[in-house]
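Worksheet for the structure shown next.
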Amino acid sequence: MRELSDCEKSLAARQGRKTVQLSNLITSLPPYHFADAKKKIADRIAAGVDVISLSMGDPDLPAPQAVIERLCAEMQKTENHRYPEYRGMYALHEAIAQWFEQRFQVRLQPERDILPLLGSKEGLAYAGASVLNAGDIALVPDPYYPVYITAGTTVGAQPYLLPLDAEHGYLPDLDRIPADVLAKARVLWLNYPNNPTAACADRAFFERAVAFAHQHNLVIIHDMAYAEVYFGAFRPMSILQIPGASEVAVELHSLSKTYNMAGFRVGMLVGNPALVDAVGRLKSNIDSGMFRPVQYAAIEALNLPASWIRERNALYQKRRDMLVKGCNAIGMPTEAPNAGLYVWAHVPQGFTSRDFATWLFDKTGVFVTPGTNFGAAGEGYVRISMTAPDERIATALQRMQEVFHL
Ligand SMILES: Cc1ncc(COP(=O)(O)O)c(C=O)c1O
């Protein structure tokens, strides 16, 4: 029998009752960073601190009015209160296919190539679990969105980290993966526009990745949660625009950042039909689909004109420019990203990422995320989110200037 951990024993002692024995899976899972972060922020606010959180990528701007109205109208219809379709309404599949074709000029078959999700996060976990077995290797770029690791470790697979650095445009060097690792690798995770570095990949990289996946029998899971937050003339591309990609790749999209709908929980998995079907099978054994009014609201969002995205992105661009200018002025060098919700800035000299984030929070109430929360390769950086009102960003930068005596 497994020994109880210290934490389990002390909990049992405090509660004076028998402890439930948790699985190895649960005891091996780290606490989710942003759940911890939310608690820290709440504690500090309760202590009277005026906290400015530039931590999570949780859009502060409202969801489109048409989306809110459609949700309310569909809520009134009692037939929508019943169990929804396991794999989503056909109308939602169709709206996603149309949106995808307009945005990326790729025609998807609505039922075969598309699966609506309760946010893209669950899709990442299920896509990993649908391909990986115990003993397999998942190729994970570092820094990474934490789910890429847990998607593998929960099924007994191991991550092999591919360090990303500024010098190589935060693209993994596929040629440096050892042959014995490649022999066991089943999945290559990619994420562009990238969280946390905000880097974007070009066509040449995606072509190389697709060819590499064909050559080494890998599945690419491309996380494109930030597809629709871009600046100027730049447009991030889909991996499915590369010929042959749908034979080896799936891609995840999300309405969370795209339409400021993070709380609605709408995402989608598109691409390789066998993997789309597998995730649908796994999901229908676990959840019972997306509330129909939310599906109608999602259709409404996907039918909005492109001008809605352009106007919203102009608001983010202003914030990006404030943050980039402010960080550079206080000795935290950074470049203006082309896409995404984050500024990836060097920490001032003499600090580690974690020490700086803690010091800054203590001194100013400004909460940013240490780069190392996304893996060891994030050392030396912090991630600063644009999801706070302009005036709060201005105040945060002013407080930062003050502690640096500028
Ligand atoms: C890279 C990346 N992928 C996926 C997600 C999950 O988004 P959602 O589940 O809201 O669609 C996030 C959220 O922050 C993210 O940063």
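Residue numbering restarts at 1 in every chain; chains get A, B, ... in the order shown in the structure tokens, and ligands count up from 1 in that same order.
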
Closest contacts (chain A/ligand 1, max 8 Å, only C-alpha atoms and all ligand atoms) as a tab-separated table:
residue	atom	partner	partner_atom_place_in_ligand_line	distance
A:Met56	CA	ligand 1	14 (O)	7.1
A:Gly57	CA	ligand 1	14 (O)	5.5
A:Asp58	CA	ligand 1	14 (O)	7.2
A:Leu118	CA	ligand 1	9 (O)	7.2
A:Gly119	CA	ligand 1	9 (O)	3.8
A:Ser120	CA	ligand 1	11 (O)	3.6
A:Lys121	CA	ligand 1	9 (O)	3.7
A:Glu122	CA	ligand 1	9 (O)	6.5
A:Gly123	CA	ligand 1	9 (O)	8.0
A:Leu124	CA	ligand 1	4 (C)	7.4
A:Tyr144	CA	ligand 1	1 (C)	7.8
A:Tyr145	CA	ligand 1	1 (C)	5.4
A:Asn191	CA	ligand 1	1 (C)	6.4
A:Asn194	CA	ligand 1	1 (C)	6.6
A:Asn195	CA	ligand 1	1 (C)	4.9
A:Pro196	CA	ligand 1	16 (O)	7.5
A:Asp223	CA	ligand 1	3 (N)	5.8
A:Met224	CA	ligand 1	3 (N)	6.9
A:Ala225	CA	ligand 1	3 (N)	5.0
A:Tyr226	CA	ligand 1	1 (C)	7.2
A:Leu252	CA	ligand 1	4 (C)	7.9
A:His253	CA	ligand 1	11 (O)	6.9
A:Ser254	CA	ligand 1	11 (O)	4.3
A:Leu255	CA	ligand 1	11 (O)	6.4
A:Ser256	CA	ligand 1	10 (O)	4.8
A:Lys257	CA	ligand 1	10 (O)	7.3
A:Ala262	CA	ligand 1	10 (O)	5.1
A:Gly263	CA	ligand 1	10 (O)	7.6
A:Arg265	CA	ligand 1	10 (O)	6.1
A:Val266	CA	ligand 1	11 (O)	6.3
A:Gly267	CA	ligand 1	11 (O)	5.1

Each region 314-345 of chain A residue no farther than 12 Å from region 306-310 of chain A, nearest pair in Å, only C-alpha atoms, as JSON lines:
{"residue": "A:Ala314", "atom": "CA", "partner": "A:Arg310", "partner_atom": "CA", "distance": 6.2}
{"residue": "A:Leu315", "atom": "CA", "partner": "A:Arg310", "partner_atom": "CA", "distance": 9.0}
{"residue": "A:Tyr316", "atom": "CA", "partner": "A:Arg310", "partner_atom": "CA", "distance": 10.0}
{"residue": "A:Gln317", "atom": "CA", "partner": "A:Arg310", "partner_atom": "CA", "distance": 10.2}

Resulting file, chosen residues, N, CA and C atoms, as a short mmCIF file (atom, residue, chain, number, x, y, z; two decimals), in the first residue's frame:
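Writing done, so here's result39.cif:
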data_model
loop_
_atom_site.label_atom_id
_atom_site.label_comp_id
_atom_site.auth_asym_id
_atom_site.auth_seq_id
_atom_site.Cartn_x
_atom_site.Cartn_y
_atom_site.Cartn_z
N ALA A 314 -6.96 46.97 -31.98
CA ALA A 314 -6.38 48.33 -31.88
C ALA A 314 -6.30 48.74 -30.41
N LEU A 315 -7.27 48.31 -29.62
CA LEU A 315 -7.22 48.63 -28.17
C LEU A 315 -6.03 47.94 -27.51
N TYR A 316 -5.83 46.66 -27.87
CA TYR A 316 -4.69 45.94 -27.29
C TYR A 316 -3.36 46.55 -27.77
N GLN A 317 -3.36 46.99 -29.03
CA GLN A 317 -2.10 47.52 -29.57
C GLN A 317 -1.63 48.73 -28.76
#

*Check the smallest atom-to-atom distance from each of A:Tyr259, A:Tyr83, A:Tyr192, A:Phe264 to Arg235 (chain A) using only C-alpha atoms, then report the winner.*
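Ranked by minimum distance to Arg235 (chain A), first place goes to A:Tyr192.
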
*Considering only C-alpha atoms, return as a list in words whatever protein or nucleic-acid residues lie within 8 Å of Leu108 (chain A), sequence-local ones (same chain, fewer than 5 positions apart) excluded.*
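Once the nearby chain positions are removed, what remains is Ala97, Phe100, Glu101, Asp113, Ile114, Val270 and Gly271 of chain A.
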
Contact residues around Gln105 (chain A) with only C-alpha atoms at 12 Å, ignoring same-chain residues under 2 positions, as a PDB file with all heavy atoms, in the first residue's frame:
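Saved file selection_31.pdb follows:
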ATOM      1  N   ALA A  97     -16.585  26.037 -39.653  1.00  0.00           N
ATOM      2  CA  ALA A  97     -15.995  25.767 -40.978  1.00  0.00           C
ATOM      3  C   ALA A  97     -15.959  27.041 -41.815  1.00  0.00           C
ATOM      4  O   ALA A  97     -14.948  27.333 -42.470  1.00  0.00           O
ATOM      5  CB  ALA A  97     -16.790  24.671 -41.692  1.00  0.00           C
ATOM      6  N   GLN A  98     -17.050  27.805 -41.772  1.00  0.00           N
ATOM      7  CA  GLN A  98     -17.090  29.046 -42.568  1.00  0.00           C
ATOM      8  C   GLN A  98     -16.072  30.060 -42.069  1.00  0.00           C
ATOM      9  O   GLN A  98     -15.381  30.711 -42.841  1.00  0.00           O
ATOM     10  CB  GLN A  98     -18.487  29.661 -42.491  1.00  0.00           C
ATOM     11  CG  GLN A  98     -19.401  29.104 -43.573  1.00  0.00           C
ATOM     12  CD  GLN A  98     -20.846  29.502 -43.338  1.00  0.00           C
ATOM     13  OE1 GLN A  98     -21.131  30.448 -42.600  1.00  0.00           O
ATOM     14  NE2 GLN A  98     -21.756  28.767 -43.949  1.00  0.00           N
ATOM     15  N   TRP A  99     -16.013  30.196 -40.741  1.00  0.00           N
ATOM     16  CA  TRP A  99     -15.049  31.124 -40.149  1.00  0.00           C
ATOM     17  C   TRP A  99     -13.632  30.724 -40.549  1.00  0.00           C
ATOM     18  O   TRP A  99     -12.822  31.550 -40.953  1.00  0.00           O
ATOM     19  CB  TRP A  99     -15.202  31.117 -38.618  1.00  0.00           C
ATOM     20  CG  TRP A  99     -14.123  31.866 -37.900  1.00  0.00           C
ATOM     21  CD1 TRP A  99     -14.022  33.215 -37.741  1.00  0.00           C
ATOM     22  CD2 TRP A  99     -12.959  31.303 -37.257  1.00  0.00           C
ATOM     23  NE1 TRP A  99     -12.880  33.524 -37.036  1.00  0.00           N
ATOM     24  CE2 TRP A  99     -12.218  32.380 -36.729  1.00  0.00           C
ATOM     25  CE3 TRP A  99     -12.497  29.995 -37.077  1.00  0.00           C
ATOM     26  CZ2 TRP A  99     -11.029  32.181 -36.024  1.00  0.00           C
ATOM     27  CZ3 TRP A  99     -11.305  29.806 -36.383  1.00  0.00           C
ATOM     28  CH2 TRP A  99     -10.591  30.886 -35.863  1.00  0.00           C
ATOM     29  N   PHE A 100     -13.343  29.422 -40.465  1.00  0.00           N
ATOM     30  CA  PHE A 100     -11.989  28.938 -40.741  1.00  0.00           C
ATOM     31  C   PHE A 100     -11.612  29.192 -42.204  1.00  0.00           C
ATOM     32  O   PHE A 100     -10.498  29.591 -42.518  1.00  0.00           O
ATOM     33  CB  PHE A 100     -11.897  27.438 -40.414  1.00  0.00           C
ATOM     34  CG  PHE A 100     -10.503  27.007 -40.067  1.00  0.00           C
ATOM     35  CD1 PHE A 100     -10.031  27.135 -38.770  1.00  0.00           C
ATOM     36  CD2 PHE A 100      -9.659  26.487 -41.039  1.00  0.00           C
ATOM     37  CE1 PHE A 100      -8.743  26.754 -38.445  1.00  0.00           C
ATOM     38  CE2 PHE A 100      -8.359  26.106 -40.722  1.00  0.00           C
ATOM     39  CZ  PHE A 100      -7.903  26.234 -39.416  1.00  0.00           C
ATOM     40  N   GLU A 101     -12.584  28.976 -43.094  1.00  0.00           N
ATOM     41  CA  GLU A 101     -12.299  29.167 -44.516  1.00  0.00           C
ATOM     42  C   GLU A 101     -12.044  30.649 -44.817  1.00  0.00           C
ATOM     43  O   GLU A 101     -11.118  30.999 -45.545  1.00  0.00           O
ATOM     44  CB  GLU A 101     -13.454  28.642 -45.366  1.00  0.00           C
ATOM     45  CG  GLU A 101     -13.099  28.650 -46.841  1.00  0.00           C
ATOM     46  CD  GLU A 101     -14.032  27.827 -47.699  1.00  0.00           C
ATOM     47  OE1 GLU A 101     -15.106  27.420 -47.201  1.00  0.00           O
ATOM     48  OE2 GLU A 101     -13.686  27.611 -48.880  1.00  0.00           O
ATOM     49  N   GLN A 102     -12.873  31.500 -44.202  1.00  0.00           N
ATOM     50  CA  GLN A 102     -12.681  32.938 -44.432  1.00  0.00           C
ATOM     51  C   GLN A 102     -11.347  33.416 -43.890  1.00  0.00           C
ATOM     52  O   GLN A 102     -10.654  34.199 -44.512  1.00  0.00           O
ATOM     53  CB  GLN A 102     -13.784  33.710 -43.719  1.00  0.00           C
ATOM     54  CG  GLN A 102     -14.848  34.195 -44.683  1.00  0.00           C
ATOM     55  CD  GLN A 102     -16.012  34.785 -43.923  1.00  0.00           C
ATOM     56  OE1 GLN A 102     -15.864  35.249 -42.800  1.00  0.00           O
ATOM     57  NE2 GLN A 102     -17.171  34.765 -44.543  1.00  0.00           N
ATOM     58  N   ARG A 103     -11.005  32.931 -42.723  1.00  0.00           N
ATOM     59  CA  ARG A 103      -9.807  33.425 -42.047  1.00  0.00           C
ATOM     60  C   ARG A 103      -8.530  32.808 -42.609  1.00  0.00           C
ATOM     61  O   ARG A 103      -7.509  33.474 -42.737  1.00  0.00           O
ATOM     62  CB  ARG A 103      -9.942  33.151 -40.537  1.00  0.00           C
ATOM     63  CG  ARG A 103      -8.727  33.408 -39.692  1.00  0.00           C
ATOM     64  CD  ARG A 103      -8.356  34.879 -39.614  1.00  0.00           C
ATOM     65  NE  ARG A 103      -7.232  35.040 -38.707  1.00  0.00           N
ATOM     66  CZ  ARG A 103      -5.955  34.885 -39.061  1.00  0.00           C
ATOM     67  NH1 ARG A 103      -5.626  34.592 -40.308  1.00  0.00           N
ATOM     68  NH2 ARG A 103      -4.984  35.030 -38.155  1.00  0.00           N
ATOM     69  N   ARG A 107     -10.664  24.732 -46.341  1.00  0.00           N
ATOM     70  CA  ARG A 107     -12.037  24.211 -46.235  1.00  0.00           C
ATOM     71  C   ARG A 107     -12.015  22.971 -45.341  1.00  0.00           C
ATOM     72  O   ARG A 107     -11.329  21.987 -45.648  1.00  0.00           O
ATOM     73  CB  ARG A 107     -12.546  23.876 -47.645  1.00  0.00           C
ATOM     74  CG  ARG A 107     -13.962  23.335 -47.683  1.00  0.00           C
ATOM     75  CD  ARG A 107     -15.015  24.429 -47.516  1.00  0.00           C
ATOM     76  NE  ARG A 107     -16.306  23.846 -47.152  1.00  0.00           N
ATOM     77  CZ  ARG A 107     -17.165  24.395 -46.300  1.00  0.00           C
ATOM     78  NH1 ARG A 107     -16.894  25.540 -45.700  1.00  0.00           N
ATOM     79  NH2 ARG A 107     -18.316  23.819 -46.039  1.00  0.00           N
ATOM     80  N   LEU A 108     -12.751  23.024 -44.240  1.00  0.00           N
ATOM     81  CA  LEU A 108     -12.862  21.866 -43.344  1.00  0.00           C
ATOM     82  C   LEU A 108     -14.227  21.232 -43.551  1.00  0.00           C
ATOM     83  O   LEU A 108     -15.207  21.938 -43.825  1.00  0.00           O
ATOM     84  CB  LEU A 108     -12.751  22.313 -41.880  1.00  0.00           C
ATOM     85  CG  LEU A 108     -11.462  23.017 -41.463  1.00  0.00           C
ATOM     86  CD1 LEU A 108     -11.596  23.581 -40.044  1.00  0.00           C
ATOM     87  CD2 LEU A 108     -10.274  22.064 -41.537  1.00  0.00           C
ATOM     88  N   MET A 237      -0.572  32.487 -39.156  1.00  0.00           N
ATOM     89  CA  MET A 237      -1.127  31.467 -40.058  1.00  0.00           C
ATOM     90  C   MET A 237      -1.460  30.185 -39.304  1.00  0.00           C
ATOM     91  O   MET A 237      -0.947  29.921 -38.219  1.00  0.00           O
ATOM     92  CB  MET A 237      -0.180  31.190 -41.223  1.00  0.00           C
ATOM     93  CG  MET A 237       1.083  30.456 -40.902  1.00  0.00           C
ATOM     94  SD  MET A 237       2.041  30.106 -42.417  1.00  0.00           S
ATOM     95  CE  MET A 237       1.004  28.889 -43.243  1.00  0.00           C
ATOM     96  N   SER A 238      -2.358  29.399 -39.923  1.00  0.00           N
ATOM     97  CA  SER A 238      -2.735  28.101 -39.370  1.00  0.00           C
ATOM     98  C   SER A 238      -1.799  27.053 -39.941  1.00  0.00           C
ATOM     99  O   SER A 238      -1.444  27.111 -41.128  1.00  0.00           O
ATOM    100  CB  SER A 238      -4.173  27.780 -39.777  1.00  0.00           C
ATOM    101  OG  SER A 238      -4.419  26.384 -39.653  1.00  0.00           O
ATOM    102  N   ILE A 239      -1.456  26.048 -39.117  1.00  0.00           N
ATOM    103  CA  ILE A 239      -0.612  24.960 -39.644  1.00  0.00           C
ATOM    104  C   ILE A 239      -1.367  24.193 -40.727  1.00  0.00           C
ATOM    105  O   ILE A 239      -0.770  23.595 -41.624  1.00  0.00           O
ATOM    106  CB  ILE A 239      -0.118  24.027 -38.507  1.00  0.00           C
ATOM    107  CG1 ILE A 239       1.092  23.228 -38.991  1.00  0.00           C
ATOM    108  CG2 ILE A 239      -1.222  23.110 -37.999  1.00  0.00           C
ATOM    109  CD1 ILE A 239       1.834  22.501 -37.889  1.00  0.00           C
ATOM    110  N   LEU A 240      -2.698  24.255 -40.692  1.00  0.00           N
ATOM    111  CA  LEU A 240      -3.490  23.507 -41.681  1.00  0.00           C
ATOM    112  C   LEU A 240      -3.408  24.143 -43.072  1.00  0.00           C
ATOM    113  O   LEU A 240      -3.906  23.556 -44.041  1.00  0.00           O
ATOM    114  CB  LEU A 240      -4.945  23.370 -41.214  1.00  0.00           C
ATOM    115  CG  LEU A 240      -5.118  22.607 -39.890  1.00  0.00           C
ATOM    116  CD1 LEU A 240      -6.585  22.539 -39.493  1.00  0.00           C
ATOM    117  CD2 LEU A 240      -4.537  21.195 -39.983  1.00  0.00           C
ATOM    118  N   GLN A 241      -2.783  25.305 -43.186  1.00  0.00           N
ATOM    119  CA  GLN A 241      -2.552  25.910 -44.504  1.00  0.00           C
ATOM    120  C   GLN A 241      -1.393  25.219 -45.234  1.00  0.00           C
ATOM    121  O   GLN A 241      -1.177  25.461 -46.408  1.00  0.00           O
ATOM    122  CB  GLN A 241      -2.266  27.412 -44.352  1.00  0.00           C
ATOM    123  CG  GLN A 241      -3.504  28.196 -43.924  1.00  0.00           C
ATOM    124  CD  GLN A 241      -3.212  29.672 -43.671  1.00  0.00           C
ATOM    125  OE1 GLN A 241      -2.809  30.059 -42.588  1.00  0.00           O
ATOM    126  NE2 GLN A 241      -3.409  30.491 -44.684  1.00  0.00           N
ATOM    127  N   ILE A 242      -0.658  24.388 -44.520  1.00  0.00           N
ATOM    128  CA  ILE A 242       0.479  23.686 -45.135  1.00  0.00           C
ATOM    129  C   ILE A 242      -0.032  22.382 -45.770  1.00  0.00           C
ATOM    130  O   ILE A 242      -0.699  21.586 -45.100  1.00  0.00           O
ATOM    131  CB  ILE A 242       1.552  23.339 -44.060  1.00  0.00           C
ATOM    132  CG1 ILE A 242       2.005  24.587 -43.299  1.00  0.00           C
ATOM    133  CG2 ILE A 242       2.725  22.596 -44.687  1.00  0.00           C
ATOM    134  CD1 ILE A 242       2.660  25.659 -44.133  1.00  0.00           C
TER     135      ILE A 242
END

_Taking the DSSP secondary structure from the backbone, can you list the residues of region 229-385 of chain A that are helix (DSSP H, G or I), as a ChimeraX atom specification?_
/A:239-241,245-247,255-258,262-264,273-284,292-302,306-329,353-364,371-374,376-378

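Of the residues listed (A:Ala37, A:Ala185, A:Ile52, A:Ile330), A:Ile52 shows the shortest atom-to-atom separation from Val366 (chain A); distances use only C-alpha atoms.
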
*asked:* Set the distance at 7 Å and use only C-alpha atoms: which residues neighbour Tyr296 (chain A) once local chain neighbours fewer than 4 positions away are removed? I'd like the list as an MDAnalysis selection string.
replied: chainID A and resid 70:71 292 300
